[in-house]
$ cat target.cif   # mmCIF, C-alpha atoms
data_data
#
loop_
_atom_site.label_atom_id
_atom_site.label_comp_id
_atom_site.auth_asym_id
_atom_site.auth_seq_id
_atom_site.Cartn_x
_atom_site.Cartn_y
_atom_site.Cartn_z
CA MET I 1055 80.79 137.76 144.10
CA LYS I 1056 81.92 140.31 146.60
CA PHE I 1057 79.32 142.55 148.14
CA LYS I 1058 79.69 146.32 148.12
CA ASP I 1059 77.56 148.50 150.32
CA TYR I 1060 76.54 151.33 148.00
CA TYR I 1061 74.39 153.00 150.67
CA GLU I 1062 77.29 153.07 153.06
CA ALA I 1063 79.59 154.45 150.35
CA LEU I 1064 77.27 157.45 149.99
CA GLY I 1065 76.54 157.63 153.69
CA VAL I 1066 72.75 157.40 153.25
CA GLY I 1067 70.11 155.07 154.63
CA ARG I 1068 68.47 152.35 152.56
CA ASP I 1069 65.27 154.37 152.50
CA ALA I 1070 66.95 157.54 151.20
CA SER I 1071 65.03 159.45 148.54
CA GLU I 1072 66.43 160.06 145.06
CA GLU I 1073 67.01 163.65 146.05
CA GLU I 1074 68.93 162.64 149.20
CA ILE I 1075 71.09 160.26 147.20
CA LYS I 1076 71.89 162.97 144.70
CA LYS I 1077 72.73 165.44 147.45
CA ALA I 1078 74.99 162.97 149.22
CA TYR I 1079 76.76 162.19 145.98
CA ARG I 1080 77.32 165.84 145.11
CA ARG I 1081 78.65 166.57 148.58
CA LEU I 1082 81.09 163.66 148.51
CA ALA I 1083 82.07 164.34 144.90
CA ARG I 1084 82.95 167.91 145.77
CA LYS I 1085 85.20 166.56 148.49
CA PHE I 1086 86.88 163.73 146.62
CA HIS I 1087 86.78 164.67 142.93
CA PRO I 1088 90.38 164.18 141.76
CA ASP I 1089 90.43 167.65 140.19
CA ILE I 1090 89.56 169.17 143.53
CA SER I 1091 91.13 167.02 146.21
CA LYS I 1092 94.85 166.40 146.44
CA GLU I 1093 94.37 164.08 149.41
CA ALA I 1094 95.91 160.63 149.13
CA GLY I 1095 93.28 158.05 148.25
CA ALA I 1096 90.81 160.67 147.01
CA GLU I 1097 90.72 159.17 143.55
CA GLU I 1098 89.88 155.69 144.88
CA ARG I 1099 87.20 157.12 147.08
CA PHE I 1100 85.76 159.09 144.17
CA LYS I 1101 85.53 155.92 142.09
CA GLU I 1102 83.73 154.18 144.92
CA ILE I 1103 81.11 156.89 145.35
CA SER I 1104 80.65 157.24 141.58
CA GLU I 1105 80.06 153.51 141.28
CA ALA I 1106 77.57 153.63 144.14
CA TYR I 1107 75.78 156.62 142.65
CA GLY I 1108 75.70 155.03 139.18
CA THR I 1109 73.64 152.19 140.59
CA LEU I 1110 71.52 153.92 143.22
CA SER I 1111 70.52 156.86 141.01
CA ASP I 1112 68.87 154.55 138.47
CA PRO I 1113 65.55 153.25 139.84
CA ASP I 1114 65.80 149.88 138.03
CA LYS I 1115 69.35 149.26 139.10
CA ARG I 1116 68.57 150.36 142.63
CA GLN I 1117 65.74 147.87 142.86
CA ALA I 1118 67.95 145.10 141.52
CA TYR I 1119 70.63 146.07 144.01
CA ASN I 1120 68.17 146.14 146.90
CA GLU I 1121 67.04 142.64 146.04
CA LEU I 1122 70.55 141.34 146.43
CA GLY I 1123 69.84 141.68 150.13
CA ARG I 1124 72.08 143.02 152.86
CA HIS I 1125 75.53 141.66 153.34
CA GLN I 1126 78.75 142.78 154.90
CA ALA I 1127 80.91 144.85 152.56
CA GLY I 1128 83.48 142.52 150.98
CA GLU I 1129 81.48 139.43 151.93
CA ASP I 1130 81.25 136.70 149.30
CA PHE I 1131 77.65 136.16 148.38
CA ARG I 1132 75.35 134.78 145.69
CA PRO I 1133 72.35 136.63 144.33
CA PRO I 1134 69.01 135.14 145.39
CA PRO I 1135 67.50 132.50 143.04
CA GLY I 1136 65.92 134.00 139.95
CA TRP I 1137 67.70 137.35 140.39
CA ASP I 1138 69.82 136.92 137.28
CA SER I 1139 66.96 136.14 134.94
CA ARG I 1140 64.73 138.86 136.35
CA PHE I 1141 67.17 141.69 135.98
CA TRP I 1142 69.21 140.70 133.03
CA GLN I 1143 69.73 137.85 130.65
CA GLY I 1144 72.54 135.49 131.40
CA GLN I 1145 74.28 134.42 134.52
CA SER I 1146 76.54 136.21 136.88
CA HIS I 1147 79.59 134.16 137.53
CA GLY I 1148 81.25 133.89 140.89
CA GLU I 1149 84.11 136.31 140.22
CA VAL I 1150 82.10 139.01 138.52
CA ASP I 1151 82.44 142.53 139.88
CA LEU I 1152 79.25 144.26 140.95
CA ALA I 1153 80.30 147.37 139.04
CA ASP I 1154 80.47 145.48 135.73
CA LEU I 1155 77.18 143.80 136.42
CA PHE I 1156 75.28 147.03 136.97
CA GLU I 1157 76.99 148.77 134.10
CA GLN I 1158 76.04 145.96 131.73
CA MET I 1159 72.56 145.95 133.14
CA GLY I 1160 71.78 149.45 131.94
CA PHE I 1161 73.27 148.69 128.59
CA HIS I 1162 71.23 145.50 128.40
CA ALA I 1163 67.97 147.19 129.13
CA SER I 1164 68.38 149.85 126.45
CA GLN I 1165 69.52 147.17 124.04
CA ARG I 1166 66.39 145.12 124.63
CA GLN I 1167 63.98 147.98 124.42
CA ALA I 1168 65.08 149.97 121.47
CA ARG I 1169 67.92 149.08 119.20
CA PRO I 1170 69.21 145.54 119.20
CA ASP I 1171 72.43 146.59 117.53
CA PHE I 1172 73.02 149.72 119.56
CA PRO I 1173 76.76 150.37 119.18
CA MET I 1174 78.62 151.03 122.42
CA ARG I 1175 82.10 152.45 122.62
CA GLY I 1176 84.53 150.30 124.62
CA GLN I 1177 85.74 151.32 128.07
CA ASP I 1178 88.70 153.64 128.40
CA ILE I 1179 91.61 152.29 130.39
CA GLU I 1180 93.15 154.88 132.70
CA ALA I 1181 96.29 154.38 134.71
CA VAL I 1182 99.01 156.30 136.50
CA ALA I 1183 102.72 155.62 136.08
CA GLN I 1184 105.16 156.66 138.80
CA LEU I 1185 108.46 157.13 137.02
CA SER I 1186 111.93 158.08 138.15
CA LEU I 1187 113.77 161.01 136.57
CA GLU I 1188 116.18 158.55 135.00
CA GLU I 1189 113.29 156.68 133.40
CA VAL I 1190 111.70 159.74 131.84
CA ALA I 1191 115.09 161.02 130.72
CA ARG I 1192 115.80 158.01 128.56
CA GLY I 1193 112.25 156.80 127.90
CA THR I 1194 110.89 153.59 129.33
CA GLU I 1195 108.16 151.04 129.13
CA VAL I 1196 105.42 150.43 131.69
CA SER I 1197 103.36 147.30 132.13
CA LEU I 1198 99.85 147.49 133.47
CA GLU I 1199 97.87 144.55 134.55
CA ARG I 1200 94.25 145.30 133.95
CA GLN I 1201 91.13 143.38 134.63
CA VAL I 1202 88.79 143.93 131.73
CA PRO I 1203 85.13 142.95 131.76
CA GLN I 1204 84.57 140.13 129.34
CA ARG I 1205 81.43 138.52 128.05
CA ARG I 1206 81.84 134.77 127.71
CA PRO I 1207 80.36 132.84 124.77
CA ASP I 1208 77.48 131.68 126.98
CA GLY I 1209 76.57 135.30 127.62
CA SER I 1210 77.83 135.40 131.17
CA LEU I 1211 80.11 138.08 132.51
CA GLY I 1212 83.56 137.67 133.87
CA ARG I 1213 86.83 139.50 134.11
CA GLN I 1214 89.93 138.73 132.25
CA ASN I 1215 93.45 139.77 133.15
CA GLN I 1216 95.18 141.64 130.46
CA ILE I 1217 98.74 142.87 130.37
CA VAL I 1218 99.10 146.19 128.65
CA ARG I 1219 102.57 147.41 127.83
CA ILE I 1220 103.02 151.06 126.99
CA ARG I 1221 106.05 152.75 125.53
CA VAL I 1222 106.82 155.99 127.36
CA PRO I 1223 108.89 158.13 125.01
CA LYS I 1224 111.73 160.21 126.39
CA GLY I 1225 110.77 163.78 127.12
CA VAL I 1226 107.63 163.36 129.19
CA THR I 1227 107.44 165.14 132.52
CA GLU I 1228 105.30 165.60 135.60
CA GLY I 1229 101.57 165.83 134.97
CA GLU I 1230 101.74 164.80 131.34
CA ARG I 1231 99.02 162.53 129.98
CA LEU I 1232 99.67 160.04 127.25
CA ARG I 1233 96.89 158.80 125.05
CA ILE I 1234 96.82 155.63 123.01
CA PRO I 1235 93.73 155.84 120.80
CA ALA I 1236 91.57 152.79 120.18
CA ARG I 1237 93.51 150.39 122.40
CA GLY I 1238 91.16 150.36 125.39
CA GLY I 1239 88.30 147.95 126.02
CA PRO I 1240 86.58 146.50 122.94
CA GLY I 1241 83.34 148.10 121.77
CA SER I 1242 80.10 146.16 121.44
CA GLY I 1243 77.34 146.17 118.85
CA GLY I 1244 79.84 147.44 116.30
CA GLY I 1245 80.99 150.33 118.50
CA PRO I 1246 84.63 151.46 118.47
CA PRO I 1247 87.12 150.44 121.16
CA GLY I 1248 87.95 152.82 124.01
CA ASP I 1249 91.28 154.59 124.49
CA VAL I 1250 94.15 154.06 126.90
CA TYR I 1251 95.30 156.98 129.05
CA LEU I 1252 98.45 157.04 131.10
CA ASP I 1253 99.15 159.85 133.57
CA ILE I 1254 102.80 160.51 134.29
CA HIS I 1255 103.96 161.27 137.82
CA LEU I 1256 107.56 161.73 138.79
CA LYS I 1257 108.88 159.94 141.84
CA PRO I 1258 110.76 162.21 144.24
CA HIS I 1259 114.49 162.15 143.57
CA ARG I 1260 117.16 162.18 146.25
CA LEU I 1261 118.90 165.21 144.73
CA PHE I 1262 116.92 166.80 141.92
CA GLN I 1263 113.53 168.46 141.84
CA ALA I 1264 111.86 168.76 138.46
CA VAL I 1265 109.87 171.77 137.29
CA GLY I 1266 108.73 171.12 133.74
CA HIS I 1267 111.89 170.02 132.01
CA ASP I 1268 114.21 171.96 134.31
CA LEU I 1269 115.92 170.36 137.27
CA TYR I 1270 116.90 172.06 140.50
CA LEU I 1271 119.71 170.98 142.78
CA GLN I 1272 120.51 172.44 146.19
CA LEU I 1273 124.21 173.28 146.07
CA PRO I 1274 125.81 173.73 149.49
CA VAL I 1275 129.14 175.56 149.49
CA THR I 1276 131.51 176.54 152.28
CA PRO I 1277 131.97 180.22 153.22
CA TRP I 1278 135.50 180.19 151.76
CA GLU I 1279 134.32 178.57 148.49
CA ALA I 1280 131.75 181.33 148.22
CA ALA I 1281 134.23 184.07 149.08
CA LEU I 1282 137.14 182.87 147.00
CA GLY I 1283 135.29 181.13 144.19
CA GLY I 1284 136.50 177.87 142.74
CA GLU I 1285 135.55 174.75 140.93
CA ILE I 1286 133.16 172.29 142.49
CA GLU I 1287 131.96 168.93 141.29
CA VAL I 1288 128.20 168.52 140.89
CA PRO I 1289 126.05 165.55 139.93
CA THR I 1290 123.81 165.59 136.85
CA LEU I 1291 121.51 162.88 135.54
CA ASP I 1292 124.30 161.69 133.30
CA GLY I 1293 127.39 161.91 135.45
CA ARG I 1294 129.42 164.51 137.27
CA VAL I 1295 130.42 167.84 135.84
CA ARG I 1296 132.72 170.58 137.13
CA LEU I 1297 131.13 173.90 137.80
CA THR I 1298 132.80 177.24 138.46
CA VAL I 1299 131.61 179.23 141.45
CA GLN I 1300 132.53 182.88 141.02
CA ALA I 1301 134.26 184.65 143.91
CA GLY I 1302 131.73 186.51 146.05
CA ALA I 1303 128.95 183.96 145.41
CA GLN I 1304 125.72 184.46 147.35
CA THR I 1305 123.14 182.19 148.89
CA GLY I 1306 120.16 181.72 146.59
CA GLN I 1307 122.18 182.41 143.47
CA LYS I 1308 121.18 180.14 140.59
CA LEU I 1309 123.97 178.55 138.60
CA ARG I 1310 122.70 177.30 135.29
CA LEU I 1311 123.97 174.22 133.55
CA ALA I 1312 122.42 174.55 130.11
CA GLY I 1313 120.91 171.41 128.64
CA LYS I 1314 121.53 169.29 131.75
CA GLY I 1315 117.84 169.06 132.67
CA LEU I 1316 115.32 166.55 131.37
CA PRO I 1317 115.38 165.90 127.63
CA ARG I 1318 112.47 167.23 125.61
CA ARG I 1319 110.38 165.19 123.19
CA LYS I 1320 111.95 166.20 119.94
CA GLU I 1321 115.34 167.69 120.66
CA GLY I 1322 117.09 169.71 123.28
CA ALA I 1323 116.65 169.51 127.02
CA GLY I 1324 115.77 171.66 129.99
CA ASP I 1325 118.45 173.19 132.19
CA LEU I 1326 119.88 172.18 135.52
CA TYR I 1327 119.97 174.92 138.13
CA GLY I 1328 122.29 174.66 141.10
CA VAL I 1329 120.88 176.81 143.89
CA LEU I 1330 123.76 178.02 146.03
CA GLN I 1331 123.52 177.66 149.74
CA ILE I 1332 126.34 178.94 151.88
CA VAL I 1333 126.61 176.68 154.90
CA THR I 1334 128.76 177.06 157.95
CA PRO I 1335 130.01 174.17 160.02
CA LYS I 1336 127.96 173.63 163.17
CA GLN I 1337 131.06 172.91 165.18
CA ILE I 1338 134.59 174.09 164.55
CA GLY I 1339 137.94 173.24 166.06
CA GLU I 1340 140.30 175.57 167.87
CA ARG I 1341 142.45 176.32 164.87
CA GLU I 1342 139.40 177.21 162.78
CA GLN I 1343 138.10 179.47 165.51
CA GLU I 1344 141.42 181.25 165.55
CA LEU I 1345 141.30 181.81 161.82
CA TYR I 1346 137.72 183.08 161.95
CA ARG I 1347 138.68 185.55 164.67
CA GLU I 1348 141.57 186.73 162.59
CA LEU I 1349 139.25 187.12 159.62
CA ALA I 1350 136.76 189.02 161.77
CA SER I 1351 139.37 191.57 162.81
CA ALA I 1352 140.81 191.92 159.32
CA SER I 1353 137.48 192.32 157.51
CA SER I 1354 135.47 195.52 157.23
CA PHE I 1355 132.49 193.73 155.69
CA ASP I 1356 129.18 194.68 157.31
CA PRO I 1357 126.12 192.99 155.83
CA ARG I 1358 123.82 195.05 158.13
CA GLN I 1359 125.23 198.39 157.12
CA SER I 1360 121.97 199.64 155.64
CA PHE I 1361 120.00 198.99 158.85
CA PHE I 1362 121.07 202.16 160.59
CA ALA I 1363 122.37 204.25 157.74
CA GLY I 1364 121.15 207.81 158.18
CA ALA I 1365 119.41 207.00 161.48
CA SER I 1366 120.14 209.58 164.13
CA HIS I 1367 118.04 208.15 166.94
CA ASP I 1368 118.65 204.86 168.76
CA MET G 306 95.84 139.17 125.50
CA THR G 307 97.79 141.90 123.83
CA ASP G 308 101.46 141.30 123.70
CA ASP G 309 102.57 144.24 121.62
CA VAL G 310 103.83 147.47 123.08
CA LEU G 311 101.41 150.36 122.74
CA ILE G 312 102.82 153.56 121.32
CA PRO G 313 101.17 156.77 122.59
CA ALA G 314 99.92 159.38 120.16
CA ASP G 315 102.47 162.08 119.47
CA ALA G 316 101.94 165.20 121.60
CA GLU G 317 102.04 167.22 118.38
CA SER G 318 99.38 165.14 116.66
CA ARG G 319 95.93 166.55 115.97
CA VAL G 320 92.49 165.01 116.42
CA ASP G 321 89.37 165.95 114.48
CA LEU G 322 86.04 166.97 115.98
CA ALA G 323 84.52 163.48 115.70
CA GLU G 324 87.40 161.93 117.59
CA LEU G 325 87.32 164.66 120.24
CA LEU G 326 83.60 164.06 120.80
CA ALA G 327 84.00 160.27 120.99
CA ALA G 328 86.98 160.43 123.34
CA SER G 329 85.54 163.04 125.70
CA GLY G 330 81.82 162.35 125.75
CA LEU G 331 81.11 166.06 125.19
CA ALA G 332 78.32 167.02 122.79
CA GLU G 333 79.18 168.99 119.67
CA ALA G 334 77.30 172.05 120.93
CA GLU G 335 79.32 171.96 124.14
CA VAL G 336 82.62 171.82 122.27
CA LEU G 337 81.50 174.72 120.06
CA GLU G 338 80.65 176.77 123.11
CA LEU G 339 83.88 175.92 124.93
CA VAL G 340 85.78 177.02 121.83
CA GLU G 341 83.76 180.25 121.82
CA PHE G 342 84.67 180.80 125.46
CA GLY G 343 88.30 180.42 124.42
CA VAL G 344 88.81 177.48 126.76
CA LEU G 345 89.41 174.89 124.06
CA GLU G 346 91.61 175.89 121.18
CA SER G 347 90.67 174.77 117.69
CA HIS G 348 92.44 175.05 114.39
CA GLY G 349 90.94 175.44 110.92
CA SER G 350 87.32 176.11 110.05
CA VAL G 351 84.36 174.55 111.90
CA SER G 352 83.77 172.05 109.10
CA GLY G 353 87.35 170.85 109.27
CA TRP G 354 88.31 171.63 112.84
CA SER G 355 91.32 170.00 114.36
CA PHE G 356 92.54 170.07 117.93
CA GLN G 357 95.87 169.56 119.60
CA ALA G 358 96.21 166.34 121.56
CA ARG G 359 96.09 168.20 124.89
CA VAL G 360 92.57 169.40 124.10
CA VAL G 361 91.37 165.78 124.43
CA HIS G 362 92.43 165.83 128.09
CA GLN G 363 90.80 169.20 128.72
CA ALA G 364 87.58 168.01 127.09
CA ARG G 365 87.51 164.78 129.12
CA ARG G 366 88.05 166.74 132.26
CA ALA G 367 85.21 169.08 131.34
CA ALA G 368 82.90 166.13 130.70
CA THR G 369 83.73 164.51 134.06
CA LEU G 370 83.06 167.76 135.88
CA ARG G 371 79.79 168.15 133.97
CA ASP G 372 78.66 164.63 134.88
CA THR G 373 79.71 164.89 138.51
CA PHE G 374 78.41 168.33 139.35
CA GLY G 375 75.75 168.81 136.71
CA LEU G 376 77.62 171.77 135.23
CA ASN G 377 76.41 173.63 132.16
CA THR G 378 78.88 174.84 129.54
CA PRO G 379 79.70 178.20 131.18
CA GLY G 380 80.29 176.24 134.40
CA MET G 381 82.67 173.89 132.61
CA ALA G 382 84.47 176.84 131.05
CA LEU G 383 84.90 178.48 134.43
CA ALA G 384 86.04 175.28 136.16
CA LEU G 385 88.61 174.52 133.44
CA THR G 386 89.93 178.06 133.53
CA TYR G 387 90.36 177.95 137.28
CA LEU G 388 91.92 174.49 137.27
CA GLU G 389 94.45 175.52 134.66
CA ARG G 390 95.23 178.66 136.61
CA ILE G 391 95.72 176.62 139.78
CA GLU G 392 98.05 174.27 137.94
CA ALA G 393 100.11 177.16 136.59
CA LEU G 394 100.36 178.58 140.13
CA GLU G 395 101.32 175.19 141.55
CA GLN G 396 104.09 174.93 139.00
CA ARG G 397 105.31 178.40 139.94
CA LEU G 398 105.13 177.44 143.62
CA ARG G 399 107.21 174.31 142.98
CA GLU G 400 109.75 176.43 141.19
CA LEU G 401 109.99 178.86 144.10
CA GLN G 402 110.19 176.05 146.62
CA CYS G 403 113.21 174.75 144.75
CA LEU G 404 114.97 178.02 145.56
CA LEU G 405 114.46 177.66 149.30
CA PRO G 406 117.01 175.90 151.46
CA ARG G 407 115.81 172.45 152.44
#
$ encode --input "target.cif" --output "structure tokens"
Amino acid sequence: MKFKDYYEALGVGRDASEEEIKKAYRRLARKFHPDISKEAGAEERFKEISEAYGTLSDPDKRQAYNELGRHQAGEDFRPPPGWDSRFWQGQSHGEVDLADLFEQMGFHASQRQARPDFPMRGQDIEAVAQLSLEEVARGTEVSLERQVPQRRPDGSLGRQNQIVRIRVPKGVTEGERLRIPARGGPGSGGGPPGDVYLDIHLKPHRLFQAVGHDLYLQLPVTPWEAALGGEIEVPTLDGRVRLTVQAGAQTGQKLRLAGKGLPRRKEGAGDLYGVLQIVTPKQIGEREQELYRELASASSFDPRQSFFAGASHD
Amino acid sequence: MTDDVLIPADAESRVDLAELLAASGLAEAEVLELVEFGVLESHGSVSGWSFQARVVHQARRAATLRDTFGLNTPGMALALTYLERIEALEQRLRELQCLLPR
């Protein structure tokens, strides 16, 4: 099995006291807890430190871990002879994950001591799906490949690959969590199975930004389109539509296309907002310059009129 | 090996207290207190309480925070309130960012 350095994960020495281990864990948890940190990789890191703390905070598990000896993190190693039978019944197979081993160990101990048929709820399966706007708009299916801890008939532990397919109904959006009750890991001792949780995240889209079920689209228009008004063609998730820009349109103005956002669960859909942005060409030709100059002399429009209205000084 | 496609619970569906406790790992007294704080919303009378599906996620979050930071129930209530407020503000921020030229 692969070695994990739990002391290193918590940043403490091998001789750290229980109190020091707890402090280190709290400090790191505050930094990497997924509800607190938005840093990339925080969730992985949090799992790592939680796994390390789960083992090192329990005196029996810590002793068992210590007796595995010191190895490089990630190094393939075998527990010393007799380790298996001393700390738990059964054998640890080559591909077993340390996390499963120590989790089962606690369970095993309580099972031996008190209630032989102590029912344990199965593990929850939690996953994140990164979906495109098109996928959430029409509904989709995601496949997860999970490794689930498995007890073999001879009592040994291993991991089995399991493909889990989940139907994502249309109408979900950013941050939504789907729950599939009772389809997680199997329970033991007559306990119920765990649940499956799927967190929905939307992949960034080239054109649209989603807020809830509404979509936003930056809509650049030329100065003359804004001044004169007119029809422009805009993309939506299901094809192009023509949109009327009123004469005298302004930057920042929101043009609403009702029902062209993301569909909702039951019926209806959010809206699509085109956010107008008047853009001027960075470079213009001679003829255009001429026309702009002509416009400048013909127009009395002064957008800065209010600056000095009523001001007698300067 | 499961080969069937799993269908998520409907967002409108309700869970009872027993299911909420099993799914979240919160104790009954903690759920009662979080309902009293107005953080978790329940329907019906205590004997036949039901909860909206989203409450399962709130309760799981509360339990994780409790386990990680050793929070008591008022601590969980406060953390959940703040997290939900932050999320509402983040949503509002995203909305406003959509109005800015990119």
$ resolve_selection --input "target.cif" --expression "the PyMOL selection byres ((chain G) within 6 of (chain I))" --output "list in words"
Met306, Val310, Leu311, Ile312, Pro313 and Ala314 of chain G
$ resolve_selection --input "target.cif" --expression "the PyMOL selection byres ((chain G and resi 318-333) around 7)" --output "number ranges by chain"
G: 314-317, 334-337, 354-358, 361, 364-365, 368
$ resolve_selection --input "target.cif" --expression "the PyMOL selection byres ((chain I and resi 1312) around 9)" --output "list in words"
Arg1310, Leu1311, Gly1313, Lys1314, Gly1315, Ala1323, Gly1324, Asp1325, Leu1326 and Tyr1327 of chain I
$ residues_near_point --input "target.cif" --point "(78.0, 145.6, 156.4)" --cutoff "12 Å" --atoms "only C-alpha atoms" --output "PyMOL selection string"
chain I and resi 1056-1063+1123-1130
$ residues_around --input "target.cif" --residues "Leu1282 in chain I" --least-positions-apart "5" --cutoff "9 Å" --atoms "only C-alpha atoms" --output "CSV table (one decimal) with C-alpha atoms, in the coordinates of the input"
chain,number,residue,atom,x,y,z
I,1277,PRO,CA,132.0,180.2,153.2
I,1299,VAL,CA,131.6,179.2,141.4
I,1300,GLN,CA,132.5,182.9,141.0
I,1301,ALA,CA,134.3,184.6,143.9
I,1302,GLY,CA,131.7,186.5,146.0
I,1303,ALA,CA,129.0,184.0,145.4
$ closest_residue --input "target.cif" --among "I:Arg1347, I:Thr1194, I:Phe1355, I:His1267" --to "Glu400 in chain G" --atoms "all atoms listed in the file"
I:His1267
$ residues_around --input "target.cif" --residues "range 380-393 of chain G" --least-positions-apart "6" --cutoff "9 Å" --atoms "all atoms listed in the file" --output "PDB file with C-alpha atoms, keeping the file's coordinate frame"
ATOM      1  CA  ASP I1089      90.430 167.650 140.190  1.00  0.00           C
ATOM      2  CA  ILE I1090      89.560 169.170 143.530  1.00  0.00           C
TER       3      ILE I1090
ATOM      4  CA  GLU G 338      80.650 176.770 123.110  1.00  0.00           C
ATOM      5  CA  LEU G 339      83.880 175.920 124.930  1.00  0.00           C
ATOM      6  CA  PHE G 342      84.670 180.800 125.460  1.00  0.00           C
ATOM      7  CA  GLY G 343      88.300 180.420 124.420  1.00  0.00           C
ATOM      8  CA  VAL G 344      88.810 177.480 126.760  1.00  0.00           C
ATOM      9  CA  LEU G 345      89.410 174.890 124.060  1.00  0.00           C
ATOM     10  CA  GLN G 363      90.800 169.200 128.720  1.00  0.00           C
ATOM     11  CA  ARG G 366      88.050 166.740 132.260  1.00  0.00           C
ATOM     12  CA  ALA G 367      85.210 169.080 131.340  1.00  0.00           C
ATOM     13  CA  ALA G 368      82.900 166.130 130.700  1.00  0.00           C
ATOM     14  CA  LEU G 370      83.060 167.760 135.880  1.00  0.00           C
ATOM     15  CA  ARG G 371      79.790 168.150 133.970  1.00  0.00           C
TER      16      ARG G 371
END
$ residues_around --input "target.cif" --residues "Thr1334 in chain I" --least-positions-apart "5" --cutoff "12 Å" --atoms "all atoms listed in the file" --output "list in words"
Pro1274, Val1275, Thr1276, Pro1277, Trp1278, Glu1279, Ala1280, Thr1305, Glu1342 and Tyr1346 of chain I
$ atom_distance --input "target.cif" --atom1 "CA of Gln1201 in chain I" --atom2 "CA of Phe1086 in chain I"
24.0 Å
$ atom_distance --input "target.cif" --atom1 "CA of Pro1173 in chain I" --atom2 "CA of Glu346 in chain G"
29.6 Å
$ atom_distance --input "target.cif" --atom1 "CA of Glu1105 in chain I" --atom2 "CA of Glu1157 in chain I"
9.1 Å
$ closest_residue --input "target.cif" --among "I:Leu1122, I:Ala1191, I:Val1295, I:Leu1198" --to "Leu1316 in chain I" --atoms "all atoms listed in the file"
I:Ala1191
$ decode --input "target.cif" --residues "range 1089-1114 of chain I" --atoms "C-alpha atoms" --output "PDB file, in the first residue's frame"
ATOM      1  CA  ASP I1089     -16.866  26.587   3.209  1.00  0.00           C
ATOM      2  CA  ILE I1090     -14.169  29.093   4.040  1.00  0.00           C
ATOM      3  CA  SER I1091     -11.520  28.860   1.353  1.00  0.00           C
ATOM      4  CA  LYS I1092     -12.236  29.465  -2.303  1.00  0.00           C
ATOM      5  CA  GLU I1093      -8.645  28.638  -3.235  1.00  0.00           C
ATOM      6  CA  ALA I1094      -8.155  25.994  -5.896  1.00  0.00           C
ATOM      7  CA  GLY I1095      -7.229  22.671  -4.343  1.00  0.00           C
ATOM      8  CA  ALA I1096      -8.497  23.677  -0.898  1.00  0.00           C
ATOM      9  CA  GLU I1097     -11.008  20.863  -0.820  1.00  0.00           C
ATOM     10  CA  GLU I1098      -8.357  18.229  -1.589  1.00  0.00           C
ATOM     11  CA  ARG I1099      -6.087  19.661   1.032  1.00  0.00           C
ATOM     12  CA  PHE I1100      -8.913  19.677   3.566  1.00  0.00           C
ATOM     13  CA  LYS I1101      -9.585  15.996   2.909  1.00  0.00           C
ATOM     14  CA  GLU I1102      -5.914  15.238   3.432  1.00  0.00           C
ATOM     15  CA  ILE I1103      -5.691  17.012   6.769  1.00  0.00           C
ATOM     16  CA  SER I1104      -9.007  15.547   7.941  1.00  0.00           C
ATOM     17  CA  GLU I1105      -7.793  12.058   7.106  1.00  0.00           C
ATOM     18  CA  ALA I1106      -4.541  12.701   8.954  1.00  0.00           C
ATOM     19  CA  TYR I1107      -6.367  14.117  11.962  1.00  0.00           C
ATOM     20  CA  GLY I1108      -8.855  11.224  11.992  1.00  0.00           C
ATOM     21  CA  THR I1109      -5.983   8.831  12.566  1.00  0.00           C
ATOM     22  CA  LEU I1110      -3.613  10.867  14.721  1.00  0.00           C
ATOM     23  CA  SER I1111      -6.299  12.140  17.109  1.00  0.00           C
ATOM     24  CA  ASP I1112      -7.234   8.597  18.145  1.00  0.00           C
ATOM     25  CA  PRO I1113      -4.558   7.144  20.454  1.00  0.00           C
ATOM     26  CA  ASP I1114      -5.058   3.543  19.243  1.00  0.00           C
TER      27      ASP I1114
END
